[in-house]
Amino acid sequence: GRVPPPRPAWGSYRDLLHLPGIPVLVFSAFFLALCDATTLCVASLAQDRGVLVSSFMVANAVAAVLVRTLGFRLMDRVPRTLLAAPAFGIMAGALLGMSFSASNGAFFAWGLLFGLGIGIGFPTYLSLIGDLAPERFHPKGTASVLLSIDIGWALTPLLFGYLSPGLGTSGTFRLVALLGGAVALLAHRFLWLPLHRRRHREGSFLPEA
């Protein structure tokens, strides 16, 4: 009879998490999601600051769509290892700016900036799996990043419900923004920059298959 083809070896989650960069990617994806999921709570912030929430939501949606439709070719020209942290940092900076704003125009401007960040950040984070892991790990790597993002989205309303009575809505936004900015900065300094330099020096930062 015919010999069945060998089953592909997709690797284990344990081996995946031992690859350089993968744990930090998954960890920082959680904080990226915390920042992104604050859109669930923007209405409360807008009420707190006395502005229209639509000022942010419209600008955010327009910027994200434009980046992913018209700006994707520009994104391809920049190494993803140098895009991840700035995109994340832009989102955190927009959240921080919004927490101090008190006009519709300011919310619109910060919404454009936030949409730019998530429009670049989300596809960049998923694409980094292909840079950091051999092909056999791609399914588990993508699933891990998406799970981390989903957990961040699930926890954000709980976090706001717990923190906002004490810190206030604006204060809670500032805390999330500062945490996100710190994670982005540390990941850039201690992971993305070293990996970019290694790739420039050796031609690749993928481990041997």
# chains A, B, ... in the order shown; residues from 1 in each chain; ligands from 1
>>> residues_around(residues="Leu34 in chain A", least_positions_apart="6", cutoff="10 Å", atoms="only C-alpha atoms", output="PyMOL selection string")
chain A and resi 28+92+149-157+159+176-177+179-180
>>> residues_around(residues="Leu17 in chain A", least_positions_apart="4", cutoff="12 Å", atoms="only C-alpha atoms", output="list in words")
Gly11, Ser12, Tyr13, Gly21, Ile22, Pro23, Val24, Leu25, Val26, Phe27, Ile129, Leu132, Ala133, Phe137, Lys140, Gly141, Ser144 and Val145 of chain A
>>> residues_around(residues="Arg68 in chain A", least_positions_apart="3", cutoff="12 Å", atoms="only C-alpha atoms", output="PDB file with all heavy atoms, in the first residue's frame")
ATOM      1  N   ALA A  61     -10.428  55.646  13.407  1.00  0.00           N
ATOM      2  CA  ALA A  61     -10.801  54.716  12.339  1.00  0.00           C
ATOM      3  C   ALA A  61     -10.230  55.155  10.993  1.00  0.00           C
ATOM      4  O   ALA A  61      -9.692  54.331  10.228  1.00  0.00           O
ATOM      5  CB  ALA A  61     -12.321  54.606  12.262  1.00  0.00           C
ATOM      6  N   VAL A  62     -10.326  56.440  10.699  1.00  0.00           N
ATOM      7  CA  VAL A  62      -9.825  56.947   9.413  1.00  0.00           C
ATOM      8  C   VAL A  62      -8.321  56.733   9.293  1.00  0.00           C
ATOM      9  O   VAL A  62      -7.828  56.256   8.265  1.00  0.00           O
ATOM     10  CB  VAL A  62     -10.173  58.445   9.263  1.00  0.00           C
ATOM     11  CG1 VAL A  62      -9.421  59.054   8.078  1.00  0.00           C
ATOM     12  CG2 VAL A  62     -11.675  58.613   9.064  1.00  0.00           C
ATOM     13  N   ALA A  63      -7.580  57.061  10.351  1.00  0.00           N
ATOM     14  CA  ALA A  63      -6.123  56.919  10.305  1.00  0.00           C
ATOM     15  C   ALA A  63      -5.718  55.452  10.154  1.00  0.00           C
ATOM     16  O   ALA A  63      -4.823  55.120   9.364  1.00  0.00           O
ATOM     17  CB  ALA A  63      -5.497  57.513  11.561  1.00  0.00           C
ATOM     18  N   ALA A  64      -6.353  54.558  10.898  1.00  0.00           N
ATOM     19  CA  ALA A  64      -6.002  53.143  10.829  1.00  0.00           C
ATOM     20  C   ALA A  64      -6.274  52.570   9.442  1.00  0.00           C
ATOM     21  O   ALA A  64      -5.466  51.807   8.897  1.00  0.00           O
ATOM     22  CB  ALA A  64      -6.779  52.359  11.888  1.00  0.00           C
ATOM     23  N   VAL A  65      -7.414  52.939   8.852  1.00  0.00           N
ATOM     24  CA  VAL A  65      -7.752  52.444   7.507  1.00  0.00           C
ATOM     25  C   VAL A  65      -6.775  52.978   6.475  1.00  0.00           C
ATOM     26  O   VAL A  65      -6.314  52.240   5.588  1.00  0.00           O
ATOM     27  CB  VAL A  65      -9.201  52.829   7.143  1.00  0.00           C
ATOM     28  CG1 VAL A  65      -9.471  52.570   5.662  1.00  0.00           C
ATOM     29  CG2 VAL A  65     -10.189  52.041   7.999  1.00  0.00           C
ATOM     30  N   GLY A  71      -0.701  53.081   3.185  1.00  0.00           N
ATOM     31  CA  GLY A  71       0.639  53.187   3.744  1.00  0.00           C
ATOM     32  C   GLY A  71       1.388  51.888   3.898  1.00  0.00           C
ATOM     33  O   GLY A  71       2.517  51.886   4.396  1.00  0.00           O
ATOM     34  N   PHE A  72       0.787  50.768   3.437  1.00  0.00           N
ATOM     35  CA  PHE A  72       1.451  49.489   3.691  1.00  0.00           C
ATOM     36  C   PHE A  72       2.765  49.362   2.931  1.00  0.00           C
ATOM     37  O   PHE A  72       3.689  48.691   3.388  1.00  0.00           O
ATOM     38  CB  PHE A  72       0.513  48.325   3.358  1.00  0.00           C
ATOM     39  CG  PHE A  72       0.210  48.150   1.899  1.00  0.00           C
ATOM     40  CD1 PHE A  72       0.930  47.246   1.132  1.00  0.00           C
ATOM     41  CD2 PHE A  72      -0.795  48.889   1.297  1.00  0.00           C
ATOM     42  CE1 PHE A  72       0.654  47.083  -0.205  1.00  0.00           C
ATOM     43  CE2 PHE A  72      -1.085  48.727  -0.053  1.00  0.00           C
ATOM     44  CZ  PHE A  72      -0.352  47.827  -0.809  1.00  0.00           C
ATOM     45  N   ARG A  73       2.870  49.992   1.778  1.00  0.00           N
ATOM     46  CA  ARG A  73       4.133  49.907   1.026  1.00  0.00           C
ATOM     47  C   ARG A  73       5.247  50.662   1.753  1.00  0.00           C
ATOM     48  O   ARG A  73       6.409  50.237   1.718  1.00  0.00           O
ATOM     49  CB  ARG A  73       3.948  50.456  -0.387  1.00  0.00           C
ATOM     50  CG  ARG A  73       2.996  49.629  -1.244  1.00  0.00           C
ATOM     51  CD  ARG A  73       3.011  50.075  -2.687  1.00  0.00           C
ATOM     52  NE  ARG A  73       2.028  49.342  -3.467  1.00  0.00           N
ATOM     53  CZ  ARG A  73       2.231  48.126  -3.978  1.00  0.00           C
ATOM     54  NH1 ARG A  73       3.382  47.524  -3.776  1.00  0.00           N
ATOM     55  NH2 ARG A  73       1.285  47.520  -4.680  1.00  0.00           N
ATOM     56  N   LEU A  74       4.907  51.768   2.383  1.00  0.00           N
ATOM     57  CA  LEU A  74       5.910  52.491   3.162  1.00  0.00           C
ATOM     58  C   LEU A  74       6.347  51.665   4.364  1.00  0.00           C
ATOM     59  O   LEU A  74       7.529  51.661   4.732  1.00  0.00           O
ATOM     60  CB  LEU A  74       5.341  53.835   3.615  1.00  0.00           C
ATOM     61  CG  LEU A  74       5.061  54.863   2.520  1.00  0.00           C
ATOM     62  CD1 LEU A  74       4.398  56.098   3.110  1.00  0.00           C
ATOM     63  CD2 LEU A  74       6.346  55.244   1.797  1.00  0.00           C
ATOM     64  N   MET A  75       5.399  50.945   4.976  1.00  0.00           N
ATOM     65  CA  MET A  75       5.739  50.108   6.117  1.00  0.00           C
ATOM     66  C   MET A  75       6.719  49.011   5.723  1.00  0.00           C
ATOM     67  O   MET A  75       7.592  48.630   6.504  1.00  0.00           O
ATOM     68  CB  MET A  75       4.469  49.479   6.706  1.00  0.00           C
ATOM     69  CG  MET A  75       3.560  50.472   7.401  1.00  0.00           C
ATOM     70  SD  MET A  75       1.913  49.777   7.745  1.00  0.00           S
ATOM     71  CE  MET A  75       2.367  48.318   8.701  1.00  0.00           C
ATOM     72  N   ASP A  76       6.584  48.497   4.501  1.00  0.00           N
ATOM     73  CA  ASP A  76       7.466  47.418   4.054  1.00  0.00           C
ATOM     74  C   ASP A  76       8.913  47.868   3.896  1.00  0.00           C
ATOM     75  O   ASP A  76       9.817  47.039   3.822  1.00  0.00           O
ATOM     76  CB  ASP A  76       6.967  46.842   2.724  1.00  0.00           C
ATOM     77  CG  ASP A  76       5.693  46.026   2.895  1.00  0.00           C
ATOM     78  OD1 ASP A  76       5.425  45.603   4.030  1.00  0.00           O
ATOM     79  OD2 ASP A  76       4.974  45.823   1.899  1.00  0.00           O
ATOM     80  N   GLY A 115      -4.685  56.080  15.799  1.00  0.00           N
ATOM     81  CA  GLY A 115      -4.986  55.237  14.636  1.00  0.00           C
ATOM     82  C   GLY A 115      -3.749  54.919  13.823  1.00  0.00           C
ATOM     83  O   GLY A 115      -3.606  53.807  13.294  1.00  0.00           O
ATOM     84  N   LEU A 116      -2.841  55.901  13.720  1.00  0.00           N
ATOM     85  CA  LEU A 116      -1.570  55.650  13.043  1.00  0.00           C
ATOM     86  C   LEU A 116      -0.787  54.564  13.763  1.00  0.00           C
ATOM     87  O   LEU A 116      -0.245  53.635  13.134  1.00  0.00           O
ATOM     88  CB  LEU A 116      -0.755  56.948  12.994  1.00  0.00           C
ATOM     89  CG  LEU A 116       0.675  56.841  12.448  1.00  0.00           C
ATOM     90  CD1 LEU A 116       0.656  56.470  10.969  1.00  0.00           C
ATOM     91  CD2 LEU A 116       1.423  58.152  12.658  1.00  0.00           C
ATOM     92  N   GLY A 117      -0.747  54.638  15.087  1.00  0.00           N
ATOM     93  CA  GLY A 117      -0.003  53.655  15.863  1.00  0.00           C
ATOM     94  C   GLY A 117      -0.556  52.260  15.742  1.00  0.00           C
ATOM     95  O   GLY A 117       0.184  51.302  15.487  1.00  0.00           O
ATOM     96  N   ILE A 118      -1.869  52.097  15.907  1.00  0.00           N
ATOM     97  CA  ILE A 118      -2.443  50.752  15.838  1.00  0.00           C
ATOM     98  C   ILE A 118      -2.468  50.247  14.402  1.00  0.00           C
ATOM     99  O   ILE A 118      -2.339  49.043  14.159  1.00  0.00           O
ATOM    100  CB  ILE A 118      -3.857  50.714  16.459  1.00  0.00           C
ATOM    101  CG1 ILE A 118      -4.303  49.268  16.662  1.00  0.00           C
ATOM    102  CG2 ILE A 118      -4.864  51.491  15.642  1.00  0.00           C
ATOM    103  CD1 ILE A 118      -3.403  48.430  17.529  1.00  0.00           C
ATOM    104  N   GLY A 119      -2.611  51.157  13.435  1.00  0.00           N
ATOM    105  CA  GLY A 119      -2.583  50.739  12.033  1.00  0.00           C
ATOM    106  C   GLY A 119      -1.251  50.135  11.651  1.00  0.00           C
ATOM    107  O   GLY A 119      -1.179  49.211  10.832  1.00  0.00           O
ATOM    108  N   ILE A 120      -0.171  50.627  12.255  1.00  0.00           N
ATOM    109  CA  ILE A 120       1.164  50.072  12.024  1.00  0.00           C
ATOM    110  C   ILE A 120       1.460  48.932  12.981  1.00  0.00           C
ATOM    111  O   ILE A 120       1.994  47.890  12.605  1.00  0.00           O
ATOM    112  CB  ILE A 120       2.236  51.169  12.170  1.00  0.00           C
ATOM    113  CG1 ILE A 120       2.054  52.247  11.101  1.00  0.00           C
ATOM    114  CG2 ILE A 120       3.643  50.581  12.091  1.00  0.00           C
ATOM    115  CD1 ILE A 120       2.956  53.454  11.299  1.00  0.00           C
ATOM    116  N   GLY A 121       1.082  49.105  14.239  1.00  0.00           N
ATOM    117  CA  GLY A 121       1.494  48.170  15.285  1.00  0.00           C
ATOM    118  C   GLY A 121       0.906  46.782  15.168  1.00  0.00           C
ATOM    119  O   GLY A 121       1.626  45.786  15.309  1.00  0.00           O
ATOM    120  N   PHE A 122      -0.394  46.671  14.913  1.00  0.00           N
ATOM    121  CA  PHE A 122      -1.029  45.354  14.913  1.00  0.00           C
ATOM    122  C   PHE A 122      -0.457  44.436  13.828  1.00  0.00           C
ATOM    123  O   PHE A 122      -0.016  43.321  14.135  1.00  0.00           O
ATOM    124  CB  PHE A 122      -2.540  45.495  14.765  1.00  0.00           C
ATOM    125  CG  PHE A 122      -3.273  44.190  14.913  1.00  0.00           C
ATOM    126  CD1 PHE A 122      -3.489  43.632  16.161  1.00  0.00           C
ATOM    127  CD2 PHE A 122      -3.735  43.521  13.798  1.00  0.00           C
ATOM    128  CE1 PHE A 122      -4.158  42.430  16.294  1.00  0.00           C
ATOM    129  CE2 PHE A 122      -4.410  42.313  13.925  1.00  0.00           C
ATOM    130  CZ  PHE A 122      -4.620  41.765  15.177  1.00  0.00           C
ATOM    131  N   PRO A 123      -0.405  44.853  12.563  1.00  0.00           N
ATOM    132  CA  PRO A 123       0.197  43.957  11.555  1.00  0.00           C
ATOM    133  C   PRO A 123       1.687  43.726  11.779  1.00  0.00           C
ATOM    134  O   PRO A 123       2.209  42.660  11.453  1.00  0.00           O
ATOM    135  CB  PRO A 123      -0.067  44.673  10.228  1.00  0.00           C
ATOM    136  CG  PRO A 123      -0.333  46.092  10.582  1.00  0.00           C
ATOM    137  CD  PRO A 123      -0.950  46.075  11.939  1.00  0.00           C
ATOM    138  N   THR A 124       2.375  44.714  12.347  1.00  0.00           N
ATOM    139  CA  THR A 124       3.798  44.542  12.604  1.00  0.00           C
ATOM    140  C   THR A 124       4.040  43.452  13.638  1.00  0.00           C
ATOM    141  O   THR A 124       4.919  42.588  13.463  1.00  0.00           O
ATOM    142  CB  THR A 124       4.428  45.863  13.091  1.00  0.00           C
ATOM    143  OG1 THR A 124       4.322  46.844  12.053  1.00  0.00           O
ATOM    144  CG2 THR A 124       5.898  45.672  13.447  1.00  0.00           C
TER     145      THR A 124
END
>>> residues_around(residues="Thr172 in chain A", least_positions_apart="6", cutoff="8 Å", atoms="only C-alpha atoms", output="PyMOL selection string")
chain A and resi 160+163-164
>>> write_last_selection(atoms="all heavy atoms", output="mmCIF file, in the first residue's frame")
data_model
loop_
_atom_site.group_PDB
_atom_site.id
_atom_site.type_symbol
_atom_site.label_atom_id
_atom_site.label_comp_id
_atom_site.auth_asym_id
_atom_site.auth_seq_id
_atom_site.Cartn_x
_atom_site.Cartn_y
_atom_site.Cartn_z
ATOM 1 N N PHE A 160 -10.107 48.904 34.254
ATOM 2 C CA PHE A 160 -10.685 50.245 34.400
ATOM 3 C C PHE A 160 -11.725 50.283 35.511
ATOM 4 O O PHE A 160 -11.801 51.252 36.276
ATOM 5 C CB PHE A 160 -11.303 50.697 33.073
ATOM 6 C CG PHE A 160 -10.356 51.493 32.232
ATOM 7 C CD1 PHE A 160 -9.416 50.864 31.444
ATOM 8 C CD2 PHE A 160 -10.379 52.879 32.244
ATOM 9 C CE1 PHE A 160 -8.522 51.584 30.680
ATOM 10 C CE2 PHE A 160 -9.498 53.612 31.479
ATOM 11 C CZ PHE A 160 -8.564 52.968 30.696
ATOM 12 N N LEU A 163 -9.650 50.334 38.795
ATOM 13 C CA LEU A 163 -8.760 51.458 39.080
ATOM 14 C C LEU A 163 -9.443 52.818 39.027
ATOM 15 O O LEU A 163 -9.049 53.744 39.755
ATOM 16 C CB LEU A 163 -7.585 51.457 38.090
ATOM 17 C CG LEU A 163 -6.605 50.294 38.188
ATOM 18 C CD1 LEU A 163 -5.559 50.394 37.076
ATOM 19 C CD2 LEU A 163 -5.917 50.279 39.551
ATOM 20 N N SER A 164 -10.430 52.964 38.161
ATOM 21 C CA SER A 164 -10.988 54.306 37.950
ATOM 22 C C SER A 164 -11.668 54.918 39.173
ATOM 23 O O SER A 164 -11.621 56.157 39.321
ATOM 24 C CB SER A 164 -11.964 54.290 36.758
ATOM 25 O OG SER A 164 -12.991 53.351 36.953
#
>>> residues_around(residues="range 99-113 of chain A", least_positions_apart="2", cutoff="12 Å", atoms="only C-alpha atoms", output="ChimeraX atom specification")
/A:36,38-39,41-67,86-97,115-120,168-178
>>> select_by_dssp(residues="chain A", states="helix (DSSP H, G or I)", output="VMD selection string")
chain A and resid 13 to 16 22 to 49 53 to 70 72 to 76 80 to 98 104 to 132 135 to 202
>>> atom_distance(atom1="CA of Arg197 in chain A", atom2="CA of Phe30 in chain A")
25.2 Å
>>> closest_atom_pairs(of="range 45-86 of chain A", to="range 187-192 of chain A", cutoff="12 Å", atoms="only C-alpha atoms", output="CSV")
residue,atom,partner,partner_atom,distance
A:Pro79,CA,A:Trp192,CA,10.0
A:Arg80,CA,A:Trp192,CA,8.8
A:Thr81,CA,A:Trp192,CA,5.1
A:Leu82,CA,A:Trp192,CA,6.6
A:Leu83,CA,A:Trp192,CA,9.0
A:Ala84,CA,A:His188,CA,7.9
A:Ala85,CA,A:His188,CA,5.6
A:Pro86,CA,A:His188,CA,8.3
>>> write_last_selection(atoms="C-alpha atoms", output="short mmCIF file (atom, residue, chain, number, x, y, z; two decimals), in the first residue's frame")
data_model
loop_
_atom_site.label_atom_id
_atom_site.label_comp_id
_atom_site.auth_asym_id
_atom_site.auth_seq_id
_atom_site.Cartn_x
_atom_site.Cartn_y
_atom_site.Cartn_z
CA PRO A 79 12.48 46.81 9.27
CA ARG A 80 9.70 45.50 11.51
CA THR A 81 12.10 45.36 14.44
CA LEU A 82 12.38 49.15 14.20
CA LEU A 83 8.64 49.69 13.73
CA ALA A 84 7.23 47.70 16.65
CA ALA A 85 8.17 49.93 19.59
CA PRO A 86 7.59 53.31 17.89
#
>>> atom_distance(atom1="CA of Glu135 in chain A", atom2="CA of Pro20 in chain A")
14.9 Å
>>> decode(residues="range 52-96 of chain A", atoms="N, CA and C atoms", output="PDB file, in the first residue's frame")
ATOM      1  N   LEU A  52     -16.628  65.393  22.797  1.00  0.00           N
ATOM      2  CA  LEU A  52     -17.389  64.377  22.078  1.00  0.00           C
ATOM      3  C   LEU A  52     -16.502  63.166  21.786  1.00  0.00           C
ATOM      4  N   VAL A  53     -16.979  61.986  22.150  1.00  0.00           N
ATOM      5  CA  VAL A  53     -16.190  60.774  21.907  1.00  0.00           C
ATOM      6  C   VAL A  53     -16.016  60.515  20.423  1.00  0.00           C
ATOM      7  N   SER A  54     -16.962  60.966  19.595  1.00  0.00           N
ATOM      8  CA  SER A  54     -16.854  60.756  18.146  1.00  0.00           C
ATOM      9  C   SER A  54     -15.640  61.466  17.563  1.00  0.00           C
ATOM     10  N   SER A  55     -15.163  62.529  18.226  1.00  0.00           N
ATOM     11  CA  SER A  55     -13.962  63.218  17.744  1.00  0.00           C
ATOM     12  C   SER A  55     -12.786  62.256  17.674  1.00  0.00           C
ATOM     13  N   PHE A  56     -12.663  61.421  18.680  1.00  0.00           N
ATOM     14  CA  PHE A  56     -11.590  60.423  18.696  1.00  0.00           C
ATOM     15  C   PHE A  56     -11.897  59.237  17.797  1.00  0.00           C
ATOM     16  N   MET A  57     -13.101  58.695  17.890  1.00  0.00           N
ATOM     17  CA  MET A  57     -13.412  57.445  17.202  1.00  0.00           C
ATOM     18  C   MET A  57     -13.316  57.596  15.680  1.00  0.00           C
ATOM     19  N   VAL A  58     -13.821  58.697  15.148  1.00  0.00           N
ATOM     20  CA  VAL A  58     -13.767  58.912  13.702  1.00  0.00           C
ATOM     21  C   VAL A  58     -12.314  59.051  13.240  1.00  0.00           C
ATOM     22  N   ALA A  59     -11.547  59.860  13.954  1.00  0.00           N
ATOM     23  CA  ALA A  59     -10.150  60.065  13.573  1.00  0.00           C
ATOM     24  C   ALA A  59      -9.353  58.774  13.673  1.00  0.00           C
ATOM     25  N   ASN A  60      -9.577  58.010  14.718  1.00  0.00           N
ATOM     26  CA  ASN A  60      -8.874  56.750  14.914  1.00  0.00           C
ATOM     27  C   ASN A  60      -9.159  55.783  13.774  1.00  0.00           C
ATOM     28  N   ALA A  61     -10.428  55.646  13.407  1.00  0.00           N
ATOM     29  CA  ALA A  61     -10.801  54.716  12.339  1.00  0.00           C
ATOM     30  C   ALA A  61     -10.230  55.155  10.993  1.00  0.00           C
ATOM     31  N   VAL A  62     -10.326  56.440  10.699  1.00  0.00           N
ATOM     32  CA  VAL A  62      -9.825  56.947   9.413  1.00  0.00           C
ATOM     33  C   VAL A  62      -8.321  56.733   9.293  1.00  0.00           C
ATOM     34  N   ALA A  63      -7.580  57.061  10.351  1.00  0.00           N
ATOM     35  CA  ALA A  63      -6.123  56.919  10.305  1.00  0.00           C
ATOM     36  C   ALA A  63      -5.718  55.452  10.154  1.00  0.00           C
ATOM     37  N   ALA A  64      -6.353  54.558  10.898  1.00  0.00           N
ATOM     38  CA  ALA A  64      -6.002  53.143  10.829  1.00  0.00           C
ATOM     39  C   ALA A  64      -6.274  52.570   9.442  1.00  0.00           C
ATOM     40  N   VAL A  65      -7.414  52.939   8.852  1.00  0.00           N
ATOM     41  CA  VAL A  65      -7.752  52.444   7.507  1.00  0.00           C
ATOM     42  C   VAL A  65      -6.775  52.978   6.475  1.00  0.00           C
ATOM     43  N   LEU A  66      -6.433  54.259   6.555  1.00  0.00           N
ATOM     44  CA  LEU A  66      -5.507  54.850   5.591  1.00  0.00           C
ATOM     45  C   LEU A  66      -4.128  54.202   5.673  1.00  0.00           C
ATOM     46  N   VAL A  67      -3.674  53.941   6.895  1.00  0.00           N
ATOM     47  CA  VAL A  67      -2.365  53.310   7.055  1.00  0.00           C
ATOM     48  C   VAL A  67      -2.352  51.929   6.415  1.00  0.00           C
ATOM     49  N   ARG A  68      -3.409  51.159   6.623  1.00  0.00           N
ATOM     50  CA  ARG A  68      -3.422  49.773   6.149  1.00  0.00           C
ATOM     51  C   ARG A  68      -3.765  49.651   4.669  1.00  0.00           C
ATOM     52  N   THR A  69      -4.293  50.715   4.063  1.00  0.00           N
ATOM     53  CA  THR A  69      -4.613  50.654   2.636  1.00  0.00           C
ATOM     54  C   THR A  69      -3.617  51.425   1.768  1.00  0.00           C
ATOM     55  N   LEU A  70      -3.231  52.603   2.213  1.00  0.00           N
ATOM     56  CA  LEU A  70      -2.339  53.440   1.420  1.00  0.00           C
ATOM     57  C   LEU A  70      -0.897  53.434   1.914  1.00  0.00           C
ATOM     58  N   GLY A  71      -0.701  53.081   3.185  1.00  0.00           N
ATOM     59  CA  GLY A  71       0.639  53.187   3.744  1.00  0.00           C
ATOM     60  C   GLY A  71       1.388  51.888   3.898  1.00  0.00           C
ATOM     61  N   PHE A  72       0.787  50.768   3.437  1.00  0.00           N
ATOM     62  CA  PHE A  72       1.451  49.489   3.691  1.00  0.00           C
ATOM     63  C   PHE A  72       2.765  49.362   2.931  1.00  0.00           C
ATOM     64  N   ARG A  73       2.870  49.992   1.778  1.00  0.00           N
ATOM     65  CA  ARG A  73       4.133  49.907   1.026  1.00  0.00           C
ATOM     66  C   ARG A  73       5.247  50.662   1.753  1.00  0.00           C
ATOM     67  N   LEU A  74       4.907  51.768   2.383  1.00  0.00           N
ATOM     68  CA  LEU A  74       5.910  52.491   3.162  1.00  0.00           C
ATOM     69  C   LEU A  74       6.347  51.665   4.364  1.00  0.00           C
ATOM     70  N   MET A  75       5.399  50.945   4.976  1.00  0.00           N
ATOM     71  CA  MET A  75       5.739  50.108   6.117  1.00  0.00           C
ATOM     72  C   MET A  75       6.719  49.011   5.723  1.00  0.00           C
ATOM     73  N   ASP A  76       6.584  48.497   4.501  1.00  0.00           N
ATOM     74  CA  ASP A  76       7.466  47.418   4.054  1.00  0.00           C
ATOM     75  C   ASP A  76       8.913  47.868   3.896  1.00  0.00           C
ATOM     76  N   ARG A  77       9.135  49.176   3.813  1.00  0.00           N
ATOM     77  CA  ARG A  77      10.491  49.687   3.610  1.00  0.00           C
ATOM     78  C   ARG A  77      11.275  49.840   4.913  1.00  0.00           C
ATOM     79  N   VAL A  78      10.588  49.720   6.035  1.00  0.00           N
ATOM     80  CA  VAL A  78      11.239  49.876   7.338  1.00  0.00           C
ATOM     81  C   VAL A  78      11.272  48.515   8.025  1.00  0.00           C
ATOM     82  N   PRO A  79      12.421  48.096   8.562  1.00  0.00           N
ATOM     83  CA  PRO A  79      12.478  46.812   9.275  1.00  0.00           C
ATOM     84  C   PRO A  79      11.451  46.758  10.402  1.00  0.00           C
ATOM     85  N   ARG A  80      10.756  45.630  10.492  1.00  0.00           N
ATOM     86  CA  ARG A  80       9.704  45.502  11.507  1.00  0.00           C
ATOM     87  C   ARG A  80      10.261  45.639  12.915  1.00  0.00           C
ATOM     88  N   THR A  81      11.502  45.231  13.114  1.00  0.00           N
ATOM     89  CA  THR A  81      12.102  45.363  14.445  1.00  0.00           C
ATOM     90  C   THR A  81      12.264  46.823  14.855  1.00  0.00           C
ATOM     91  N   LEU A  82      12.281  47.726  13.880  1.00  0.00           N
ATOM     92  CA  LEU A  82      12.381  49.150  14.199  1.00  0.00           C
ATOM     93  C   LEU A  82      11.026  49.850  14.178  1.00  0.00           C
ATOM     94  N   LEU A  83       9.979  49.119  13.769  1.00  0.00           N
ATOM     95  CA  LEU A  83       8.636  49.689  13.732  1.00  0.00           C
ATOM     96  C   LEU A  83       7.826  49.370  14.974  1.00  0.00           C
ATOM     97  N   ALA A  84       8.105  48.206  15.586  1.00  0.00           N
ATOM     98  CA  ALA A  84       7.230  47.702  16.650  1.00  0.00           C
ATOM     99  C   ALA A  84       7.110  48.675  17.812  1.00  0.00           C
ATOM    100  N   ALA A  85       8.222  49.060  18.404  1.00  0.00           N
ATOM    101  CA  ALA A  85       8.173  49.926  19.589  1.00  0.00           C
ATOM    102  C   ALA A  85       7.673  51.338  19.270  1.00  0.00           C
ATOM    103  N   PRO A  86       8.123  51.987  18.185  1.00  0.00           N
ATOM    104  CA  PRO A  86       7.586  53.313  17.891  1.00  0.00           C
ATOM    105  C   PRO A  86       6.073  53.319  17.683  1.00  0.00           C
ATOM    106  N   ALA A  87       5.552  52.294  16.980  1.00  0.00           N
ATOM    107  CA  ALA A  87       4.105  52.231  16.781  1.00  0.00           C
ATOM    108  C   ALA A  87       3.381  52.105  18.112  1.00  0.00           C
ATOM    109  N   PHE A  88       3.896  51.243  18.978  1.00  0.00           N
ATOM    110  CA  PHE A  88       3.331  51.049  20.312  1.00  0.00           C
ATOM    111  C   PHE A  88       3.463  52.337  21.116  1.00  0.00           C
ATOM    112  N   GLY A  89       4.610  52.974  21.045  1.00  0.00           N
ATOM    113  CA  GLY A  89       4.834  54.217  21.777  1.00  0.00           C
ATOM    114  C   GLY A  89       3.927  55.340  21.322  1.00  0.00           C
ATOM    115  N   ILE A  90       3.634  55.395  20.024  1.00  0.00           N
ATOM    116  CA  ILE A  90       2.712  56.405  19.496  1.00  0.00           C
ATOM    117  C   ILE A  90       1.331  56.239  20.121  1.00  0.00           C
ATOM    118  N   MET A  91       0.872  54.988  20.227  1.00  0.00           N
ATOM    119  CA  MET A  91      -0.421  54.726  20.850  1.00  0.00           C
ATOM    120  C   MET A  91      -0.434  55.187  22.299  1.00  0.00           C
ATOM    121  N   ALA A  92       0.604  54.824  23.042  1.00  0.00           N
ATOM    122  CA  ALA A  92       0.675  55.214  24.446  1.00  0.00           C
ATOM    123  C   ALA A  92       0.729  56.734  24.586  1.00  0.00           C
ATOM    124  N   GLY A  93       1.496  57.387  23.725  1.00  0.00           N
ATOM    125  CA  GLY A  93       1.580  58.848  23.770  1.00  0.00           C
ATOM    126  C   GLY A  93       0.249  59.510  23.475  1.00  0.00           C
ATOM    127  N   ALA A  94      -0.502  58.935  22.533  1.00  0.00           N
ATOM    128  CA  ALA A  94      -1.822  59.491  22.216  1.00  0.00           C
ATOM    129  C   ALA A  94      -2.769  59.362  23.398  1.00  0.00           C
ATOM    130  N   LEU A  95      -2.721  58.222  24.077  1.00  0.00           N
ATOM    131  CA  LEU A  95      -3.574  58.044  25.255  1.00  0.00           C
ATOM    132  C   LEU A  95      -3.222  59.049  26.345  1.00  0.00           C
ATOM    133  N   LEU A  96      -1.930  59.258  26.543  1.00  0.00           N
ATOM    134  CA  LEU A  96      -1.495  60.208  27.565  1.00  0.00           C
ATOM    135  C   LEU A  96      -1.943  61.618  27.206  1.00  0.00           C
TER     136      LEU A  96
END
